[in-house]
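Containing PDB, C-alpha atoms, pLDDT in the B column: coords04.pdb.
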ATOM      1  CA  MET G   1     135.430 -23.992 102.013  1.00 60.00           C
ATOM      2  CA  ASP G   2     135.002 -20.230 101.674  1.00 73.00           C
ATOM      3  CA  ASP G   3     136.147 -20.502  98.033  1.00 89.00           C
ATOM      4  CA  ARG G   4     133.253 -22.866  97.400  1.00 91.00           C
ATOM      5  CA  ILE G   5     130.681 -20.493  98.856  1.00 94.00           C
ATOM      6  CA  GLU G   6     132.142 -17.541  96.949  1.00 94.00           C
ATOM      7  CA  LEU G   7     132.063 -19.522  93.692  1.00 95.00           C
ATOM      8  CA  ALA G   8     128.484 -20.675  94.291  1.00 96.00           C
ATOM      9  CA  ALA G   9     127.371 -17.096  95.005  1.00 95.00           C
ATOM     10  CA  HIS G  10     129.119 -15.923  91.822  1.00 96.00           C
ATOM     11  CA  ILE G  11     127.411 -18.626  89.736  1.00 97.00           C
ATOM     12  CA  ILE G  12     124.013 -17.690  91.194  1.00 97.00           C
ATOM     13  CA  ARG G  13     124.525 -13.999  90.371  1.00 97.00           C
ATOM     14  CA  GLN G  14     125.736 -14.882  86.873  1.00 97.00           C
ATOM     15  CA  ALA G  15     122.710 -17.120  86.226  1.00 97.00           C
ATOM     16  CA  ASP G  16     120.324 -14.435  87.485  1.00 97.00           C
ATOM     17  CA  ALA G  17     121.940 -11.886  85.172  1.00 98.00           C
ATOM     18  CA  GLU G  18     121.691 -14.277  82.218  1.00 97.00           C
ATOM     19  CA  VAL G  19     117.991 -14.876  82.889  1.00 96.00           C
ATOM     20  CA  ALA G  20     117.355 -11.141  83.158  1.00 96.00           C
ATOM     21  CA  LEU G  21     119.239 -10.530  79.911  1.00 97.00           C
ATOM     22  CA  HIS G  22     117.214 -13.049  77.876  1.00 96.00           C
ATOM     23  CA  ALA G  23     113.803 -12.967  79.580  1.00 95.00           C
ATOM     24  CA  ASP G  24     112.458 -10.001  77.594  1.00 94.00           C
ATOM     25  CA  GLU G  25     113.488 -11.585  74.294  1.00 95.00           C
ATOM     26  CA  ARG G  26     111.758 -14.850  75.209  1.00 96.00           C
ATOM     27  CA  ASN G  27     108.674 -13.117  76.572  1.00 95.00           C
ATOM     28  CA  ASN G  28     108.259 -10.801  73.590  1.00 95.00           C
ATOM     29  CA  ALA G  29     108.693 -13.661  71.111  1.00 96.00           C
ATOM     30  CA  LEU G  30     106.142 -15.763  72.981  1.00 96.00           C
ATOM     31  CA  ALA G  31     103.635 -12.898  73.107  1.00 95.00           C
ATOM     32  CA  SER G  32     104.160 -12.097  69.435  1.00 96.00           C
ATOM     33  CA  LEU G  33     103.598 -15.688  68.372  1.00 95.00           C
ATOM     34  CA  PHE G  34     100.528 -16.023  70.579  1.00 95.00           C
ATOM     35  CA  LEU G  35      98.814 -12.676  70.021  1.00 95.00           C
ATOM     36  CA  TYR G  36      99.732 -11.878  66.414  1.00 95.00           C
ATOM     37  CA  ASP G  37     100.428 -15.255  64.819  1.00 94.00           C
ATOM     38  CA  HIS G  38      97.893 -17.149  66.972  1.00 93.00           C
ATOM     39  CA  TYR G  39     100.013 -20.137  67.904  1.00 92.00           C
ATOM     40  CA  GLU G  40      98.643 -22.367  70.633  1.00 90.00           C
ATOM     41  CA  GLY G  41      99.883 -21.451  74.118  1.00 87.00           C
ATOM     42  CA  THR G  42     100.690 -25.025  75.127  1.00 88.00           C
ATOM     43  CA  GLN G  43     102.979 -25.493  72.140  1.00 90.00           C
ATOM     44  CA  LEU G  44     104.645 -22.157  72.804  1.00 91.00           C
ATOM     45  CA  GLY G  45     105.221 -23.241  76.393  1.00 92.00           C
ATOM     46  CA  LEU G  46     106.933 -26.393  75.191  1.00 91.00           C
ATOM     47  CA  MET G  47     109.151 -24.352  72.865  1.00 90.00           C
ATOM     48  CA  ALA G  48     110.048 -21.892  75.622  1.00 91.00           C
ATOM     49  CA  GLY G  49     110.480 -24.539  78.320  1.00 89.00           C
ATOM     50  CA  VAL G  50     107.678 -23.235  80.555  1.00 91.00           C
ATOM     51  CA  THR G  51     104.341 -24.549  81.798  1.00 91.00           C
ATOM     52  CA  LYS G  52     101.007 -23.483  80.357  1.00 87.00           C
ATOM     53  CA  ASN G  53     100.334 -21.401  83.487  1.00 89.00           C
ATOM     54  CA  ALA G  54     103.697 -19.695  82.999  1.00 92.00           C
ATOM     55  CA  VAL G  55     102.649 -18.866  79.417  1.00 92.00           C
ATOM     56  CA  ARG G  56      99.621 -16.993  80.781  1.00 92.00           C
ATOM     57  CA  SER G  57     101.841 -15.225  83.320  1.00 93.00           C
ATOM     58  CA  ILE G  58     104.361 -14.230  80.630  1.00 94.00           C
ATOM     59  CA  LEU G  59     101.581 -12.927  78.376  1.00 94.00           C
ATOM     60  CA  ALA G  60     100.145 -10.848  81.224  1.00 94.00           C
ATOM     61  CA  GLN G  61     103.622  -9.471  81.986  1.00 94.00           C
ATOM     62  CA  VAL G  62     104.206  -8.434  78.364  1.00 94.00           C
ATOM     63  CA  VAL G  63     100.714  -6.984  77.860  1.00 94.00           C
ATOM     64  CA  HIS G  64     100.037  -5.353  81.239  1.00 93.00           C
ATOM     65  CA  GLY G  65     103.498  -5.137  82.769  1.00 92.00           C
ATOM     66  CA  ASN G  66     102.204  -7.240  85.661  1.00 90.00           C
ATOM     67  CA  SER G  67     102.269 -11.041  85.603  1.00 88.00           C
ATOM     68  CA  ARG G  68      99.402 -11.283  88.099  1.00 89.00           C
ATOM     69  CA  GLN G  69      96.943  -9.280  86.050  1.00 89.00           C
ATOM     70  CA  THR G  70      94.924 -11.707  83.983  1.00 86.00           C
ATOM     71  CA  LEU G  71      94.043 -11.774  80.325  1.00 88.00           C
ATOM     72  CA  PRO G  72      90.579 -12.761  79.158  1.00 87.00           C
ATOM     73  CA  PRO G  73      90.241 -16.566  79.293  1.00 83.00           C
ATOM     74  CA  ARG G  74      88.942 -16.816  75.741  1.00 89.00           C
ATOM     75  CA  MET G  75      89.672 -14.472  72.848  1.00 91.00           C
ATOM     76  CA  THR G  76      89.132 -14.655  69.130  1.00 93.00           C
ATOM     77  CA  GLU G  77      92.093 -14.135  66.832  1.00 94.00           C
ATOM     78  CA  GLU G  78      90.873 -10.622  66.058  1.00 95.00           C
ATOM     79  CA  GLU G  79      90.576  -9.788  69.771  1.00 94.00           C
ATOM     80  CA  MET G  80      94.081 -11.119  70.398  1.00 94.00           C
ATOM     81  CA  THR G  81      95.559  -8.964  67.644  1.00 95.00           C
ATOM     82  CA  ARG G  82      93.580  -5.922  68.804  1.00 95.00           C
ATOM     83  CA  LEU G  83      94.808  -6.459  72.403  1.00 94.00           C
ATOM     84  CA  ALA G  84      98.409  -6.727  71.207  1.00 94.00           C
ATOM     85  CA  ARG G  85      98.154  -3.492  69.236  1.00 95.00           C
ATOM     86  CA  GLU G  86      96.329  -1.677  72.041  1.00 94.00           C
ATOM     87  CA  TYR G  87      99.106  -2.500  74.530  1.00 94.00           C
ATOM     88  CA  ASN G  88     101.963  -2.028  72.031  1.00 94.00           C
ATOM     89  CA  VAL G  89     103.161  -5.618  72.133  1.00 94.00           C
ATOM     90  CA  PRO G  90     105.984  -5.859  69.587  1.00 94.00           C
ATOM     91  CA  HIS G  91     105.226  -8.007  66.541  1.00 95.00           C
ATOM     92  CA  ILE G  92     108.367  -9.992  65.828  1.00 93.00           C
ATOM     93  CA  THR G  93     108.357 -11.003  62.189  1.00 90.00           C
ATOM     94  CA  LYS G  94     111.920 -12.226  61.744  1.00 92.00           C
ATOM     95  CA  SER G  95     112.294 -15.760  63.184  1.00 92.00           C
ATOM     96  CA  PRO G  96     110.173 -15.367  66.326  1.00 93.00           C
ATOM     97  CA  GLY G  97     110.094 -19.142  66.873  1.00 93.00           C
ATOM     98  CA  GLN G  98     113.879 -19.349  66.707  1.00 94.00           C
ATOM     99  CA  LYS G  99     114.200 -16.438  69.148  1.00 94.00           C
ATOM    100  CA  LEU G 100     111.722 -18.057  71.520  1.00 95.00           C
ATOM    101  CA  ARG G 101     113.488 -21.409  71.427  1.00 94.00           C
ATOM    102  CA  SER G 102     117.038 -20.084  71.767  1.00 95.00           C
ATOM    103  CA  ALA G 103     116.181 -17.670  74.599  1.00 95.00           C
ATOM    104  CA  GLY G 104     114.206 -20.426  76.329  1.00 94.00           C
ATOM    105  CA  ILE G 105     117.184 -22.777  76.193  1.00 95.00           C
ATOM    106  CA  VAL G 106     119.519 -20.129  77.603  1.00 96.00           C
ATOM    107  CA  ILE G 107     117.106 -19.361  80.448  1.00 96.00           C
ATOM    108  CA  GLU G 108     116.453 -23.004  81.330  1.00 94.00           C
ATOM    109  CA  THR G 109     120.187 -23.750  81.308  1.00 96.00           C
ATOM    110  CA  ALA G 110     120.798 -20.783  83.607  1.00 97.00           C
ATOM    111  CA  TYR G 111     118.052 -21.958  85.983  1.00 96.00           C
ATOM    112  CA  ALA G 112     119.582 -25.448  86.079  1.00 96.00           C
ATOM    113  CA  ARG G 113     123.049 -24.052  86.772  1.00 97.00           C
ATOM    114  CA  ARG G 114     121.583 -21.806  89.455  1.00 98.00           C
ATOM    115  CA  GLY G 115     119.833 -24.722  91.132  1.00 97.00           C
ATOM    116  CA  VAL G 116     123.070 -26.688  91.437  1.00 97.00           C
ATOM    117  CA  ALA G 117     124.899 -23.620  92.744  1.00 97.00           C
ATOM    118  CA  VAL G 118     122.200 -22.941  95.361  1.00 97.00           C
ATOM    119  CA  THR G 119     122.530 -26.489  96.683  1.00 97.00           C
ATOM    120  CA  ALA G 120     126.324 -26.144  96.804  1.00 96.00           C
ATOM    121  CA  MET G 121     126.015 -22.799  98.581  1.00 96.00           C
ATOM    122  CA  GLN G 122     123.605 -24.262 101.128  1.00 96.00           C
ATOM    123  CA  ASP G 123     125.936 -27.162 101.893  1.00 95.00           C
ATOM    124  CA  ALA G 124     128.987 -24.892 102.098  1.00 95.00           C
ATOM    125  CA  ALA G 125     127.179 -22.489 104.441  1.00 96.00           C
ATOM    126  CA  LEU G 126     126.203 -25.361 106.738  1.00 95.00           C
ATOM    127  CA  ALA G 127     129.730 -26.770 106.715  1.00 94.00           C
ATOM    128  CA  LEU G 128     131.196 -23.350 107.545  1.00 95.00           C
ATOM    129  CA  GLN G 129     128.703 -22.835 110.351  1.00 95.00           C
ATOM    130  CA  GLU G 130     129.535 -26.260 111.784  1.00 94.00           C
ATOM    131  CA  THR G 131     133.226 -25.257 111.920  1.00 94.00           C
ATOM    132  CA  GLY G 132     132.313 -22.231 114.025  1.00 94.00           C
ATOM    133  CA  THR G 133     132.159 -19.531 111.359  1.00 94.00           C
ATOM    134  CA  SER G 134     129.458 -16.984 112.174  1.00 95.00           C
ATOM    135  CA  LEU G 135     126.559 -16.258 109.849  1.00 95.00           C
ATOM    136  CA  VAL G 136     127.837 -12.698 109.467  1.00 95.00           C
ATOM    137  CA  GLU G 137     131.245 -13.937 108.284  1.00 95.00           C
ATOM    138  CA  ILE G 138     129.642 -16.439 105.885  1.00 95.00           C
ATOM    139  CA  ALA G 139     127.391 -13.690 104.521  1.00 95.00           C
ATOM    140  CA  ARG G 140     130.414 -11.456 103.961  1.00 95.00           C
ATOM    141  CA  MET G 141     132.240 -14.243 102.099  1.00 93.00           C
ATOM    142  CA  ALA G 142     129.268 -14.865  99.822  1.00 93.00           C
ATOM    143  CA  GLY G 143     128.281 -11.238  99.434  1.00 94.00           C
ATOM    144  CA  VAL G 144     124.719 -11.881 100.601  1.00 95.00           C
ATOM    145  CA  SER G 145     122.587 -11.032 103.628  1.00 96.00           C
ATOM    146  CA  ARG G 146     122.833 -12.854 106.938  1.00 96.00           C
ATOM    147  CA  LYS G 147     119.162 -13.793 106.614  1.00 97.00           C
ATOM    148  CA  LEU G 148     119.828 -15.517 103.282  1.00 96.00           C
ATOM    149  CA  VAL G 149     122.729 -17.463 104.794  1.00 96.00           C
ATOM    150  CA  TRP G 150     120.475 -18.529 107.667  1.00 97.00           C
ATOM    151  CA  GLN G 151     117.878 -19.723 105.125  1.00 97.00           C
ATOM    152  CA  HIS G 152     120.567 -21.653 103.220  1.00 97.00           C
ATOM    153  CA  VAL G 153     121.790 -23.325 106.420  1.00 96.00           C
ATOM    154  CA  ALA G 154     118.212 -24.236 107.361  1.00 97.00           C
ATOM    155  CA  ALA G 155     117.542 -25.702 103.901  1.00 97.00           C
ATOM    156  CA  SER G 156     120.728 -27.773 104.017  1.00 96.00           C
ATOM    157  CA  ARG G 157     119.872 -29.060 107.487  1.00 96.00           C
ATOM    158  CA  LYS G 158     116.390 -30.019 106.332  1.00 96.00           C
ATOM    159  CA  ARG G 159     117.741 -31.794 103.257  1.00 94.00           C
ATOM    160  CA  ARG G 160     120.131 -33.768 105.446  1.00 91.00           C
ATOM    161  CA  GLY G 161     117.355 -34.682 107.844  1.00 90.00           C
ATOM    162  CA  TYR G 162     118.481 -32.811 110.982  1.00 81.00           C
TER     163      TYR G 162
END
As structure tokens:
Amino acid sequence: MDDRIELAAHIIRQADAEVALHADERNNALASLFLYDHYEGTQLGLMAGVTKNAVRSILAQVVHGNSRQTLPPRMTEEEMTRLAREYNVPHITKSPGQKLRSAGIVIETAYARRGVAVTAMQDAALALQETGTSLVEIARMAGVSRKLVWQHVAASRKRRGY
């Protein structure tokens, strides 16, 4: 059982690293296509595998360095280009759509793999706890905090209905 929790923790860390590695490429390509080439945000979201609200969040992150800071709700094409230049948003001219799509696929695949691994880790943590293994020991096996293990056990219990 401890092999299962160790493997799940490894998969989660690997997926997080993969997302971190490709997020900037996806975000910069999306911002370039939106702000310089004036593609519609909804279509870019579909290409990147994100919602239209996530598109706004990604644009704010690239422009302001903070995903919670908002952009103006309506901008002309000239204002969009001026904003991009003012905040030094990179203009990707060589296959930005291809970069957006490929990075989006990698990120979405990593998120899917992570989701399965989280569920497996939750179930393994609950099973270990039910056999008498302490939360501290489970946390050590997985290389995570005791609080996170407790949250995983609680989530697994809730999913199972007890």
Step by step, work through what the PyMOL selection byres ((chain G and resi 47) around 9) selects in the shown file, and finish by giving those residues as JSON, numbers by chain. {"G": [42, 43, 44, 45, 46, 48, 49, 50, 97, 100, 101, 104, 105]}
With C-alpha atoms retained, write the just-selected residues as a compact mmCIF listing (two decimals), keeping the file's coordinate frame.
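Final output, saved to selection.txt:
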# COMPACT_ATOMS: atom_id res chain seq x y z
CA THR G 42 100.69 -25.02 75.13
CA GLN G 43 102.98 -25.49 72.14
CA LEU G 44 104.64 -22.16 72.80
CA GLY G 45 105.22 -23.24 76.39
CA LEU G 46 106.93 -26.39 75.19
CA ALA G 48 110.05 -21.89 75.62
CA GLY G 49 110.48 -24.54 78.32
CA VAL G 50 107.68 -23.24 80.56
CA GLY G 97 110.09 -19.14 66.87
CA LEU G 100 111.72 -18.06 71.52
CA ARG G 101 113.49 -21.41 71.43
CA GLY G 104 114.21 -20.43 76.33
CA ILE G 105 117.18 -22.78 76.19
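Closest approach to Met121 (chain G) from the set G:Met75, G:Met80, G:Ala154, G:Leu30 is made by G:Ala154, with distances taken over only C-alpha atoms.
Picture a line from CA of Ala142 (chain G) to CA of Ala9 (chain G); it runs 5.6 Å.
The spacing separating CA of Leu21 (chain G) from CA of Thr51 (chain G) amounts to 20.5 Å.
If all atoms listed in the file are the atoms counted, then among G:Gln129, G:Ile138, G:Ala120, G:Val149 the closest residue to Arg4 (chain G) is G:Ala120.
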Which protein, DNA or RNA residues have an atom at most 10 Å from (124.0, -16.9, 93.1), counting all atoms listed in the file? List them as a list in words. Ile5, Glu6, Leu7, Ala8, Ala9, His10, Ile11, Ile12, Arg13, Gln14, Ala15, Asp16, Ala17, Arg113, Arg114, Gly115, Val116, Ala117, Val118, Met121, Ala142, Gly143 and Val144 of chain G
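Running the PyMOL selection byres ((chain G and resi 155) around 12) on this file leaves Val118, Thr119, Ala120, Met121, Gln122, Asp123, Ala124, Ala125, Leu126, Leu148, Val149, Trp150, Gln151, His152, Val153, Ala154, Ser156, Arg157, Lys158, Arg159, Arg160, Gly161 and Tyr162 of chain G selected.
Atom pair CA of Val19 (chain G) / CA of Ala112 (chain G) has a distance of 11.2 Å (rounded to one decimal).
When the distance limit is 10 Å and all atoms listed in the file are what count, the residues near Asn88 (chain G), minus those fewer than 3 positions from it on the same chain, are Val62, Val63, His64, Arg82, Leu83, Ala84, Arg85 and His91 of chain G.
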Applying 10 Å and only C-alpha atoms, which residues near Gly41 (chain G) remain after dropping the ones on its own chain fewer than 6 positions away? List them as a ChimeraX atom specification. /G:30-31,33-35,47,51-56,59
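Distances from G:Lys147, G:Leu128, G:Leu135, G:Gln61 to Asp3 (chain G) were compared using all atoms listed in the file, and the smallest one belongs to G:Leu128.
Summary of the local environment: counting all atoms listed in the file, residues at most 6 Å from Pro96 (chain G), other than itself and those fewer than 3 positions away along its chain, are Ala29, Ile92 and Lys99 of chain G.
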